[in-house]
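Text of the file target_3.cif, holding mmCIF, C-alpha atoms:
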data_structure
#
loop_
_atom_site.label_atom_id
_atom_site.label_comp_id
_atom_site.auth_asym_id
_atom_site.auth_seq_id
_atom_site.Cartn_x
_atom_site.Cartn_y
_atom_site.Cartn_z
CA MET A 1 0.00 0.00 0.00
CA THR A 2 1.19 3.52 -0.78
CA VAL A 3 0.48 6.62 1.26
CA GLU A 4 0.63 10.30 0.32
CA LEU A 5 0.78 13.13 2.83
CA ILE A 6 -0.84 16.51 2.28
CA SER A 7 -0.17 19.28 4.81
CA VAL A 8 -2.72 22.08 4.61
CA GLY A 9 -2.05 25.63 5.76
CA THR A 10 -0.83 28.89 4.30
CA GLU A 11 1.18 29.43 7.49
CA ILE A 12 3.37 26.46 6.53
CA LEU A 13 4.02 27.84 3.05
CA LEU A 14 4.97 31.21 4.52
CA GLY A 15 7.39 29.62 6.97
CA ASN A 16 5.46 30.88 9.98
CA ILE A 17 5.48 27.38 11.47
CA VAL A 18 7.67 24.34 10.97
CA ASN A 19 5.91 21.35 9.41
CA THR A 20 6.64 18.83 12.14
CA ASN A 21 3.48 16.86 11.29
CA ALA A 22 4.93 15.66 7.98
CA ALA A 23 8.11 14.41 9.67
CA TYR A 24 6.10 12.57 12.32
CA LEU A 25 3.63 11.01 9.87
CA SER A 26 6.40 9.98 7.47
CA GLU A 27 8.24 8.16 10.22
CA LYS A 28 5.12 6.41 11.51
CA CYS A 29 3.99 5.32 8.05
CA ALA A 30 7.44 3.91 7.32
CA GLN A 31 7.33 1.97 10.57
CA LEU A 32 4.00 0.52 9.46
CA GLY A 33 5.55 -0.63 6.19
CA LEU A 34 3.64 1.87 4.05
CA SER A 35 5.54 3.37 1.13
CA CYS A 36 5.38 7.17 0.89
CA PHE A 37 6.51 8.55 -2.48
CA TYR A 38 4.98 12.03 -2.39
CA GLN A 39 4.37 14.79 0.14
CA SER A 40 2.68 18.11 -0.55
CA VAL A 41 2.08 21.40 1.23
CA VAL A 42 -0.85 23.46 0.01
CA GLY A 43 -2.31 26.72 1.29
CA ASP A 44 -5.85 27.43 2.41
CA ASN A 45 -7.21 27.67 -1.12
CA GLU A 46 -10.09 25.48 -2.23
CA GLU A 47 -9.06 25.19 -5.88
CA ARG A 48 -5.42 24.32 -5.22
CA LEU A 49 -6.32 21.98 -2.35
CA GLY A 50 -8.83 20.17 -4.56
CA GLU A 51 -6.25 19.77 -7.32
CA THR A 52 -3.74 18.37 -4.82
CA ILE A 53 -6.25 15.81 -3.47
CA ARG A 54 -7.28 14.69 -6.97
CA THR A 55 -3.65 14.17 -7.94
CA ALA A 56 -2.98 12.17 -4.77
CA LEU A 57 -5.97 9.93 -5.46
CA THR A 58 -4.44 8.93 -8.81
CA ARG A 59 -1.20 7.66 -7.34
CA ALA A 60 -1.71 6.59 -3.71
CA ASP A 61 -3.93 4.12 -1.86
CA ILE A 62 -4.03 6.14 1.37
CA ILE A 63 -4.13 9.94 1.50
CA ILE A 64 -3.51 11.58 4.86
CA LEU A 65 -4.33 15.27 5.16
CA SER A 66 -3.41 17.31 8.22
CA GLY A 67 -4.74 20.77 9.03
CA GLY A 68 -7.66 22.83 7.82
CA LEU A 69 -10.30 21.29 10.11
CA GLY A 70 -10.80 24.38 12.26
CA PRO A 71 -13.92 26.56 12.67
CA THR A 72 -12.96 29.47 10.40
CA GLU A 73 -13.95 30.11 6.80
CA ASP A 74 -10.48 29.34 5.44
CA ASP A 75 -10.51 25.86 7.05
CA LEU A 76 -11.52 23.99 3.91
CA THR A 77 -9.99 20.51 4.11
CA LYS A 78 -13.08 18.56 5.13
CA GLU A 79 -15.42 20.41 2.78
CA THR A 80 -13.06 20.10 -0.19
CA ALA A 81 -12.32 16.39 0.35
CA ALA A 82 -16.02 15.62 0.78
CA GLN A 83 -16.90 17.46 -2.42
CA ILE A 84 -14.28 15.57 -4.43
CA LEU A 85 -15.58 12.23 -3.13
CA GLY A 86 -19.19 13.25 -3.72
CA ARG A 87 -20.18 13.27 -0.03
CA ALA A 88 -22.72 15.66 1.45
CA LEU A 89 -22.12 17.02 4.96
CA TYR A 90 -24.47 16.49 7.88
CA SER A 91 -24.50 17.71 11.47
CA ASP A 92 -23.37 14.84 13.70
CA GLU A 93 -25.04 14.88 17.13
CA HIS A 94 -22.27 12.85 18.79
CA THR A 95 -19.62 15.33 17.66
CA LYS A 96 -21.79 18.30 18.64
CA ALA A 97 -22.14 16.89 22.14
CA ARG A 98 -18.38 16.44 22.45
CA ILE A 99 -17.73 20.00 21.28
CA GLN A 100 -20.24 21.36 23.77
CA GLU A 101 -18.69 19.33 26.59
CA TYR A 102 -15.22 20.56 25.61
CA PHE A 103 -16.23 24.23 25.95
CA GLU A 104 -18.37 23.77 29.06
CA LYS A 105 -15.50 22.10 30.92
CA ARG A 106 -13.35 25.13 30.19
CA LYS A 107 -16.17 27.57 30.91
CA ILE A 108 -15.83 29.14 27.46
CA VAL A 109 -18.78 30.42 25.47
CA ILE A 110 -19.14 28.47 22.21
CA ALA A 111 -18.84 30.64 19.11
CA GLU A 112 -21.37 29.84 16.40
CA ASN A 113 -18.66 28.90 13.90
CA ASN A 114 -17.46 26.07 16.16
CA TRP A 115 -20.48 24.02 15.11
CA LYS A 116 -18.88 23.86 11.65
CA GLN A 117 -16.55 21.23 13.11
CA ALA A 118 -19.53 18.95 13.78
CA MET A 119 -20.34 18.76 10.06
CA ILE A 120 -19.28 15.29 8.89
CA PRO A 121 -19.18 13.78 5.36
CA GLU A 122 -21.85 11.13 4.84
CA GLY A 123 -20.61 7.58 5.37
CA ALA A 124 -17.39 8.71 7.03
CA ILE A 125 -15.77 7.14 10.07
CA ILE A 126 -15.54 9.70 12.88
CA VAL A 127 -12.38 9.72 14.99
CA ASP A 128 -12.94 11.47 18.32
CA ASN A 129 -10.50 14.19 19.29
CA GLU A 130 -9.49 13.78 22.95
CA ASN A 131 -7.47 17.01 22.95
CA GLY A 132 -9.47 19.48 20.88
CA THR A 133 -12.74 20.10 19.06
CA ALA A 134 -12.04 19.02 15.47
CA PRO A 135 -12.68 15.27 15.00
CA GLY A 136 -10.65 13.19 12.61
CA VAL A 137 -12.43 11.79 9.55
CA ILE A 138 -11.85 8.65 7.49
CA MET A 139 -13.52 8.21 4.11
CA GLU A 140 -13.29 4.95 2.18
CA GLN A 141 -14.15 4.88 -1.50
CA GLU A 142 -13.30 2.52 -4.38
CA GLY A 143 -10.22 1.14 -2.65
CA LYS A 144 -8.97 4.55 -1.56
CA HIS A 145 -8.66 5.71 2.06
CA VAL A 146 -8.75 9.45 2.77
CA ILE A 147 -7.82 10.36 6.33
CA LEU A 148 -8.30 13.88 7.68
CA LEU A 149 -6.43 14.88 10.85
CA PRO A 150 -6.38 18.12 12.88
CA GLY A 151 -3.30 20.30 12.42
CA PRO A 152 -2.10 21.00 15.99
CA PRO A 153 0.51 18.33 16.86
CA ASN A 154 -0.88 17.93 20.38
CA GLU A 155 -4.13 16.80 18.76
CA LEU A 156 -2.79 14.99 15.70
CA ILE A 157 -0.21 12.79 17.43
CA PRO A 158 -2.47 11.30 20.15
CA MET A 159 -5.21 10.69 17.58
CA PHE A 160 -2.82 9.00 15.18
CA GLU A 161 -1.32 6.82 17.92
CA LYS A 162 -4.66 5.78 19.40
CA ASP A 163 -6.91 5.35 16.36
CA ILE A 164 -5.16 5.77 13.01
CA ILE A 165 -2.29 3.33 13.55
CA PRO A 166 -4.68 0.44 14.39
CA TYR A 167 -6.73 1.38 11.32
CA LEU A 168 -3.67 1.40 9.02
CA GLN A 169 -2.29 -1.85 10.40
CA LYS A 170 -5.05 -3.68 8.55
CA PHE A 171 -3.35 -2.80 5.26
CA THR A 172 0.22 -3.84 6.05
CA SER A 173 1.80 -7.23 5.48
CA GLY A 174 4.79 -6.58 7.71
CA ILE A 175 6.06 -4.01 10.14
CA ILE A 176 9.14 -1.83 10.37
CA VAL A 177 10.89 -1.36 13.71
CA SER A 178 13.71 1.07 14.43
CA LYS A 179 16.15 1.53 17.28
CA THR A 180 18.27 4.65 17.61
CA VAL A 181 21.85 4.54 18.86
CA LYS A 182 22.76 8.03 20.11
CA ILE A 183 26.40 9.07 20.13
CA CYS A 184 28.12 12.13 21.59
CA GLY A 185 31.72 13.28 21.60
CA ILE A 186 32.46 12.05 18.06
CA GLY A 187 31.91 14.01 14.85
CA GLU A 188 29.63 12.91 12.03
CA SER A 189 32.46 12.13 9.60
CA THR A 190 34.26 9.97 12.17
CA VAL A 191 31.08 8.06 12.96
CA ALA A 192 30.39 7.53 9.26
CA THR A 193 33.91 6.16 8.76
CA MET A 194 33.56 3.79 11.71
CA VAL A 195 30.34 2.25 10.33
CA LYS A 196 31.19 2.46 6.62
CA ASP A 197 31.71 -1.29 6.31
CA MET A 198 28.44 -2.07 8.09
CA ILE A 199 26.47 0.28 5.84
CA LYS A 200 28.15 -1.08 2.71
CA LYS A 201 27.03 -4.66 3.37
CA GLN A 202 23.66 -3.83 4.97
CA ASP A 203 20.42 -5.39 3.79
CA ASN A 204 17.95 -5.94 6.60
CA PRO A 205 18.43 -4.26 9.06
CA THR A 206 19.72 -0.99 7.61
CA ILE A 207 21.76 1.73 9.35
CA ALA A 208 21.11 5.41 8.68
CA PRO A 209 23.21 8.19 10.28
CA TYR A 210 21.59 11.49 11.32
CA ALA A 211 23.62 14.51 12.44
CA LYS A 212 22.19 16.43 15.39
CA THR A 213 23.57 19.48 17.20
CA GLY A 214 26.60 18.10 18.99
CA GLU A 215 25.46 14.51 18.47
CA VAL A 216 25.18 11.77 15.85
CA HIS A 217 22.31 9.29 15.81
CA LEU A 218 22.43 5.92 14.06
CA ARG A 219 18.98 4.55 13.29
CA VAL A 220 18.90 0.77 12.89
CA THR A 221 15.75 -0.33 11.02
CA ALA A 222 14.46 -3.83 10.31
CA LYS A 223 11.41 -5.07 8.43
CA ALA A 224 9.75 -8.32 9.48
CA GLU A 225 6.42 -10.05 9.85
CA SER A 226 6.26 -9.24 13.55
CA GLU A 227 7.76 -6.75 15.97
CA LYS A 228 9.47 -9.57 17.85
CA GLU A 229 11.21 -10.79 14.71
CA ALA A 230 12.25 -7.25 13.73
CA ARG A 231 13.78 -6.67 17.16
CA ARG A 232 15.63 -9.99 16.87
CA LEU A 233 17.21 -8.75 13.64
CA ILE A 234 18.16 -5.41 15.18
CA LYS A 235 19.77 -6.79 18.34
CA PRO A 236 23.12 -8.02 16.90
CA VAL A 237 23.59 -4.81 14.92
CA VAL A 238 23.13 -2.66 18.01
CA LYS A 239 25.50 -4.95 19.89
CA GLU A 240 28.17 -4.43 17.26
CA LEU A 241 27.70 -0.65 17.40
CA LYS A 242 28.10 -0.73 21.19
CA GLU A 243 31.35 -2.64 20.80
CA ARG A 244 32.65 -0.07 18.31
CA PHE A 245 31.61 3.12 20.08
CA GLY A 246 31.64 2.08 23.75
CA ASN A 247 30.82 4.85 26.20
CA ASP A 248 30.42 7.39 23.41
CA ILE A 249 26.94 5.89 23.09
CA TYR A 250 24.83 7.59 25.72
CA THR A 251 21.59 5.72 25.04
CA THR A 252 19.69 3.42 22.70
CA GLU A 253 16.28 4.67 23.79
CA ASP A 254 14.31 7.19 21.74
CA ASP A 255 13.00 9.11 24.74
CA VAL A 256 16.40 9.61 26.42
CA THR A 257 18.11 12.92 25.63
CA LEU A 258 21.73 13.84 26.24
CA GLU A 259 20.71 15.99 29.21
CA LYS A 260 18.66 13.14 30.67
CA SER A 261 21.62 10.79 30.39
CA VAL A 262 23.72 13.31 32.34
CA VAL A 263 21.05 13.71 35.02
CA ASP A 264 20.77 9.91 35.28
CA LEU A 265 24.54 9.71 35.82
CA LEU A 266 24.40 12.35 38.54
CA LYS A 267 21.57 10.55 40.30
CA ALA A 268 23.17 7.10 40.04
CA ASN A 269 26.40 8.36 41.55
CA HIS A 270 24.74 10.63 44.16
CA LEU A 271 26.38 13.76 42.74
CA THR A 272 25.15 17.35 42.72
CA ALA A 273 25.76 19.80 39.88
CA VAL A 274 26.06 23.54 39.26
CA THR A 275 26.57 25.52 36.04
CA ALA A 276 28.49 28.76 35.49
CA GLU A 277 27.83 30.27 32.06
CA SER A 278 28.94 33.29 30.12
CA CYS A 279 28.31 33.17 26.34
CA THR A 280 25.54 30.53 26.60
CA GLY A 281 23.55 32.71 28.99
CA GLY A 282 21.81 29.88 30.83
CA MET A 283 21.28 27.43 27.94
CA LEU A 284 23.11 24.64 29.75
CA ALA A 285 21.07 25.09 32.91
CA ALA A 286 17.88 25.24 30.83
CA ARG A 287 18.61 21.93 29.12
CA LEU A 288 19.31 20.24 32.44
CA ILE A 289 16.12 21.69 33.91
CA ASN A 290 14.19 20.17 30.98
CA VAL A 291 14.65 16.81 32.71
CA PRO A 292 11.93 15.86 35.23
CA GLY A 293 13.38 15.17 38.66
CA VAL A 294 16.54 17.20 38.06
CA SER A 295 15.93 19.08 41.33
CA ASP A 296 17.38 16.05 43.13
CA VAL A 297 20.83 16.84 41.71
CA PHE A 298 20.90 20.36 40.25
CA LYS A 299 21.65 23.06 42.82
CA THR A 300 21.81 26.32 40.88
CA GLY A 301 23.10 28.05 37.79
CA PHE A 302 25.17 31.23 37.47
CA ILE A 303 25.11 33.55 34.47
CA THR A 304 28.24 35.68 34.75
CA TYR A 305 28.36 37.51 31.44
CA ALA A 306 30.32 40.59 32.50
CA ASN A 307 33.86 40.41 33.85
CA LYS A 308 32.71 42.14 37.03
CA ALA A 309 30.14 39.38 37.55
CA LYS A 310 32.80 36.72 37.06
CA ARG A 311 34.91 38.37 39.74
CA ARG A 312 32.19 39.20 42.28
CA THR A 313 30.08 36.06 41.89
CA LEU A 314 32.60 33.34 41.11
CA GLY A 315 35.82 34.79 42.49
CA VAL A 316 37.67 34.94 39.18
CA LYS A 317 40.91 36.87 39.71
CA LYS A 318 41.26 40.32 38.16
CA SER A 319 44.85 39.44 37.28
CA SER A 320 43.65 36.41 35.29
CA LEU A 321 41.13 38.51 33.37
CA ASP A 322 43.73 41.18 32.65
CA ARG A 323 46.44 38.74 31.57
CA TYR A 324 44.51 36.03 29.76
CA GLY A 325 41.16 37.65 28.96
CA ALA A 326 37.64 36.50 29.80
CA VAL A 327 37.74 33.91 27.03
CA SER A 328 40.60 31.73 28.18
CA GLU A 329 41.39 28.37 29.70
CA LYS A 330 42.51 30.04 32.93
CA VAL A 331 39.27 31.96 33.44
CA ALA A 332 37.12 28.91 32.59
CA GLN A 333 38.97 26.92 35.26
CA GLU A 334 38.58 29.67 37.85
CA MET A 335 34.85 29.92 37.06
CA ALA A 336 34.46 26.16 37.64
CA LYS A 337 36.50 26.26 40.85
CA GLY A 338 34.66 29.30 42.14
CA ALA A 339 31.23 27.73 41.51
CA ALA A 340 32.32 24.60 43.39
CA MET A 341 33.66 26.60 46.30
CA ILE A 342 30.49 28.67 46.67
CA THR A 343 27.95 25.85 46.33
CA LYS A 344 29.92 22.78 47.50
CA ALA A 345 28.57 20.97 44.43
CA ASP A 346 30.29 17.79 43.27
CA VAL A 347 30.23 18.69 39.57
CA THR A 348 30.56 22.21 38.21
CA VAL A 349 30.68 23.15 34.52
CA ALA A 350 31.90 26.56 33.38
CA ILE A 351 31.59 28.09 29.91
CA THR A 352 33.23 31.17 28.43
CA GLY A 353 33.49 32.06 24.76
CA ILE A 354 32.80 34.40 21.85
CA ALA A 355 29.42 33.70 20.25
CA GLY A 356 29.65 36.61 17.79
CA PRO A 357 28.89 37.94 15.35
CA ASP A 358 31.16 40.67 16.76
CA GLY A 359 33.89 40.60 19.35
CA GLY A 360 36.33 38.25 17.67
CA THR A 361 40.00 38.96 16.94
CA LYS A 362 42.71 37.17 14.99
CA GLU A 363 44.00 35.62 18.20
CA LYS A 364 40.53 34.90 19.57
CA PRO A 365 38.07 34.47 16.71
CA VAL A 366 34.30 34.19 16.91
CA GLY A 367 33.44 30.63 17.89
CA LEU A 368 36.34 30.20 20.33
CA VAL A 369 34.96 28.57 23.49
CA TYR A 370 36.46 27.11 26.65
CA ILE A 371 34.51 24.62 28.74
CA SER A 372 35.81 23.51 32.13
CA CYS A 373 34.37 20.65 34.18
CA ASN A 374 35.27 20.21 37.83
CA VAL A 375 34.40 16.82 39.33
CA CYS A 376 35.22 16.77 43.03
CA GLY A 377 38.36 18.84 42.50
CA LYS A 378 39.51 17.09 39.31
CA ILE A 379 39.36 19.67 36.51
CA THR A 380 39.21 19.04 32.77
CA THR A 381 39.22 22.01 30.39
CA LYS A 382 38.79 21.86 26.63
CA GLU A 383 39.16 24.43 23.87
CA TYR A 384 36.61 24.42 21.04
CA HIS A 385 36.29 26.24 17.73
CA PHE A 386 32.70 26.44 16.49
CA SER A 387 31.24 28.17 13.44
CA GLY A 388 27.81 29.41 12.40
CA SER A 389 25.37 31.98 13.72
CA ARG A 390 25.42 33.31 17.26
CA ASN A 391 22.63 30.96 18.29
CA LYS A 392 24.25 27.98 16.56
CA ILE A 393 27.52 28.56 18.43
CA ARG A 394 25.65 28.78 21.71
CA GLU A 395 23.73 25.54 20.96
CA LEU A 396 26.91 23.69 19.97
CA THR A 397 28.63 24.95 23.11
CA THR A 398 25.77 23.72 25.29
CA ALA A 399 25.72 20.28 23.66
CA ASN A 400 29.47 19.90 24.06
CA ALA A 401 29.28 21.06 27.68
CA LEU A 402 26.81 18.25 28.37
CA THR A 403 29.11 15.81 26.60
CA LEU A 404 32.16 16.93 28.59
CA MET A 405 30.14 16.76 31.79
CA ARG A 406 29.13 13.19 30.98
CA GLN A 407 32.67 12.15 29.99
CA CYS A 408 34.16 13.53 33.19
CA ILE A 409 31.60 11.82 35.42
CA LEU A 410 32.22 8.51 33.63
CA LYS A 411 35.98 9.01 34.00
CA TYR A 412 35.81 9.23 37.78
CA TYR A 413 32.61 7.28 38.49
CA SER A 414 31.49 4.06 36.79
CA GLU A 415 28.08 3.37 38.27
CA VAL A 416 26.23 3.93 34.98
CA THR A 417 27.42 3.41 31.42
CA PHE A 418 25.71 3.69 28.05
CA GLY A 419 22.60 1.93 26.92
CA LYS A 420 20.08 2.93 29.56
#
How would this structure read if it were set down as structure tokens?
Amino acid sequence: MTVELISVGTEILLGNIVNTNAAYLSEKCAQLGLSCFYQSVVGDNEERLGETIRTALTRADIIILSGGLGPTEDDLTKETAAQILGRALYSDEHTKARIQEYFEKRKIVIAENNWKQAMIPEGAIIVDNENGTAPGVIMEQEGKHVILLPGPPNELIPMFEKDIIPYLQKFTSGIIVSKTVKICGIGESTVATMVKDMIKKQDNPTIAPYAKTGEVHLRVTAKAESEKEARRLIKPVVKELKERFGNDIYTTEDDVTLEKSVVDLLKANHLTAVTAESCTGGMLAARLINVPGVSDVFKTGFITYANKAKRRTLGVKKSSLDRYGAVSEKVAQEMAKGAAMITKADVTVAITGIAGPDGGTKEKPVGLVYISCNVCGKITTKEYHFSGSRNKIRELTTANALTLMRQCILKYYSEVTFGK
């Protein structure tokens, strides 16, 4: 079976929002063993949307449309799809009751145009929306399956997981299962070289590398008749990757981030942490605080952007600033030591650098960053040279600070290794 994705919304065409729905749906359809050869983005225009749907019907078995199911006049997806398939719309009492309940629970007065969302194409399967007011709609006709989904990801994803996946599984002869091996501390080109032989001889499973900010992910994918069989095929490949990359793999679980792996290490080894940041302005602390339960190990974060703040807050010496400059190995070390002395934390990470676009010199160009990690008095400091926009440099710095933090904890404590 083939599937085609149509994302509806002028805001996507204008770049006002990122089309994350297409990425999500593509991945899920691939996992179901459905072949997707075409994707389209079309604005809120009835004529162009109709043309896009008609074209999709000529070349795909399943057409999934996302967006355009709202209450306003320019939400045209349901009406246009119904017209093309020759379906009249009727007011569905079940959907009306759900919409009314949704607004009453939130003590919001229902606008008259909200009842537009209760208009359903004749003969369609209604998919209840547990997180909004626009129901999903499935229309089956002459071997074709047209699926309409709401645009907001917090509505689309739960609906797809709960109702659409079971519906689509009826049309698949096998399933595709993936496992992601996440690597930090090694560049993309090095990772690619280390798995070149495995990729060259791959068949089933396959290995696909994906570069992330400060990380590289290797997705191992197998196709089989059952999930159990697919996972059996994946297991030896993941084992081989673990042997090759060792502790540079921080997880093989999709829901574990680099910051979570660091927090898990801190918890497992009963360590507390503090951050001291200059050019990243709190990005490192923010990523750590993204992790639920981090309050057990994270004490505080300092943002010491000005030299005076480095001196007064962290005890950086004026002589060090005058002789070496704020962006230097010496100052990074003194920031890490000062943070440890003030807070008595076991692990402190300090960052100082030039994020640009101004402020660089020949000796100290934009992108020069020093990161220092102090683990119970044992200090490791590294010099980095990043490129890109100001924000990109700050993001790369933050990712590498997490990596250095993880490496230093593993160097002195061995309670937890990769693969959690």
Neighbours of A:Leu25 within 10 Å (all atoms listed in the file; same-chain residues fewer than 5 positions away dropped), as an MDAnalysis selection string? chainID A and resid 5 20 30:31 36 64 66 156:157 160
Expected file contents, prior selection, C-alpha atoms, as a CSV table (one decimal), in the frame of the given file:
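Contents of out-v9.csv, as written:
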chain,number,residue,atom,x,y,z
A,5,LEU,CA,0.8,13.1,2.8
A,20,THR,CA,6.6,18.8,12.1
A,30,ALA,CA,7.4,3.9,7.3
A,31,GLN,CA,7.3,2.0,10.6
A,36,CYS,CA,5.4,7.2,0.9
A,64,ILE,CA,-3.5,11.6,4.9
A,66,SER,CA,-3.4,17.3,8.2
A,156,LEU,CA,-2.8,15.0,15.7
A,157,ILE,CA,-0.2,12.8,17.4
A,160,PHE,CA,-2.8,9.0,15.2
Given the file above and the PyMOL selection byres ((chain A and resi 216) around 7), which residues are selected, and can you give them as an mmCIF file with C-alpha atoms, in the coordinates of the input?
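Output contents, as saved in result13.cif:
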data_model
loop_
_atom_site.group_PDB
_atom_site.id
_atom_site.type_symbol
_atom_site.label_atom_id
_atom_site.label_comp_id
_atom_site.auth_asym_id
_atom_site.auth_seq_id
_atom_site.Cartn_x
_atom_site.Cartn_y
_atom_site.Cartn_z
ATOM 1 C CA LYS A 182 22.760 8.030 20.110
ATOM 2 C CA ILE A 183 26.400 9.070 20.130
ATOM 3 C CA CYS A 184 28.120 12.130 21.590
ATOM 4 C CA GLU A 188 29.630 12.910 12.030
ATOM 5 C CA PRO A 209 23.210 8.190 10.280
ATOM 6 C CA TYR A 210 21.590 11.490 11.320
ATOM 7 C CA ALA A 211 23.620 14.510 12.440
ATOM 8 C CA LYS A 212 22.190 16.430 15.390
ATOM 9 C CA GLU A 215 25.460 14.510 18.470
ATOM 10 C CA HIS A 217 22.310 9.290 15.810
ATOM 11 C CA LEU A 218 22.430 5.920 14.060
#
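With all atoms listed in the file as the atoms that count, the residue of A:Gln169, A:Thr80, A:Asn374, A:Asn290 with the shortest distance to A:Val274 is A:Asn374.
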Determine the residue membership of the PyMOL selection byres ((chain A and resi 50-58) around 9) for the file above and supply it as number ranges by chain. A: 3-6, 38, 40-42, 45-49, 59-63, 65, 77, 80-81, 83-84, 144, 146
With the file shown as input, list the residues that the PyMOL selection byres ((chain A and resi 180) around 9) selects, as a ChimeraX atom specification. /A:178-179,181-182,217-221,238,251-254
Of the candidates A:Thr313, A:Thr403, A:Ser389, A:Ser173, which one gets nearest to A:Gly356 if we count only C-alpha atoms?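 Under the stated criterion, the closest residue is A:Ser389.
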Would you mind listing what lies within 9 Å of A:Ile99 as a list of chain:residue names, with only C-alpha atoms counted and same-chain residues fewer than 5 positions away left out?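 Contacts, in chain order: A:His94, A:Glu104, A:Ile110, A:Asn114, A:Trp115, A:Gln117, A:Ala118, A:Gly132, A:Thr133, A:Ala134.
The nearest approach to A:Thr343 among the residues A:Leu321, A:Ala276, A:Ile108, A:Ile371, with only C-alpha atoms taken into account, belongs to A:Ala276.
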Which residue is closest to A:Pro153? Choose from A:Asn21, A:Val195, A:Val256, A:Gly185 and count all atoms listed in the file.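 Nearest to A:Pro153: A:Asn21.
Among the candidate residues A:Ile289, A:Ile120, A:Ile409, A:Val331, the one lying nearest to A:Asp92 is A:Ile120, with distances computed using only C-alpha atoms.
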Please indicate the distance in Å from atom CA of A:Asn400 to atom CA of A:Gly246, rounded to one decimal place. 18.0 Å
Which distance in Å separates atom CA of A:Glu240 and atom CA of A:Thr190, to one decimal? 16.4 Å
Counting all atoms listed in the file, what is within 10 Å of A:Leu69, bar same-chain residues fewer than 5 positions away, as a compact mmCIF listing (two decimals) with C-alpha atoms, in the frame of the given file?
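The new file out32.txt reads:
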# COMPACT_ATOMS: atom_id res chain seq x y z
CA VAL A 8 -2.72 22.08 4.61
CA ASP A 74 -10.48 29.34 5.44
CA ASP A 75 -10.51 25.86 7.05
CA LEU A 76 -11.52 23.99 3.91
CA THR A 77 -9.99 20.51 4.11
CA LYS A 78 -13.08 18.56 5.13
CA GLU A 79 -15.42 20.41 2.78
CA LYS A 116 -18.88 23.86 11.65
CA GLN A 117 -16.55 21.23 13.11
CA THR A 133 -12.74 20.10 19.06
CA ALA A 134 -12.04 19.02 15.47
CA PRO A 135 -12.68 15.27 15.00
CA GLY A 136 -10.65 13.19 12.61
CA VAL A 137 -12.43 11.79 9.55
CA LEU A 148 -8.30 13.88 7.68
CA LEU A 149 -6.43 14.88 10.85
CA PRO A 150 -6.38 18.12 12.88
CA GLY A 151 -3.30 20.30 12.42
Grab the atom CA of A:Gly9 to atom CA of A:Phe103 distance for me, in Å with one decimal place. 24.7 Å
Residue with smallest distance to A:Gly367 - pool A:Ala273, A:Met335, A:Ile126, A:Val327, counting all atoms listed in the file: A:Val327
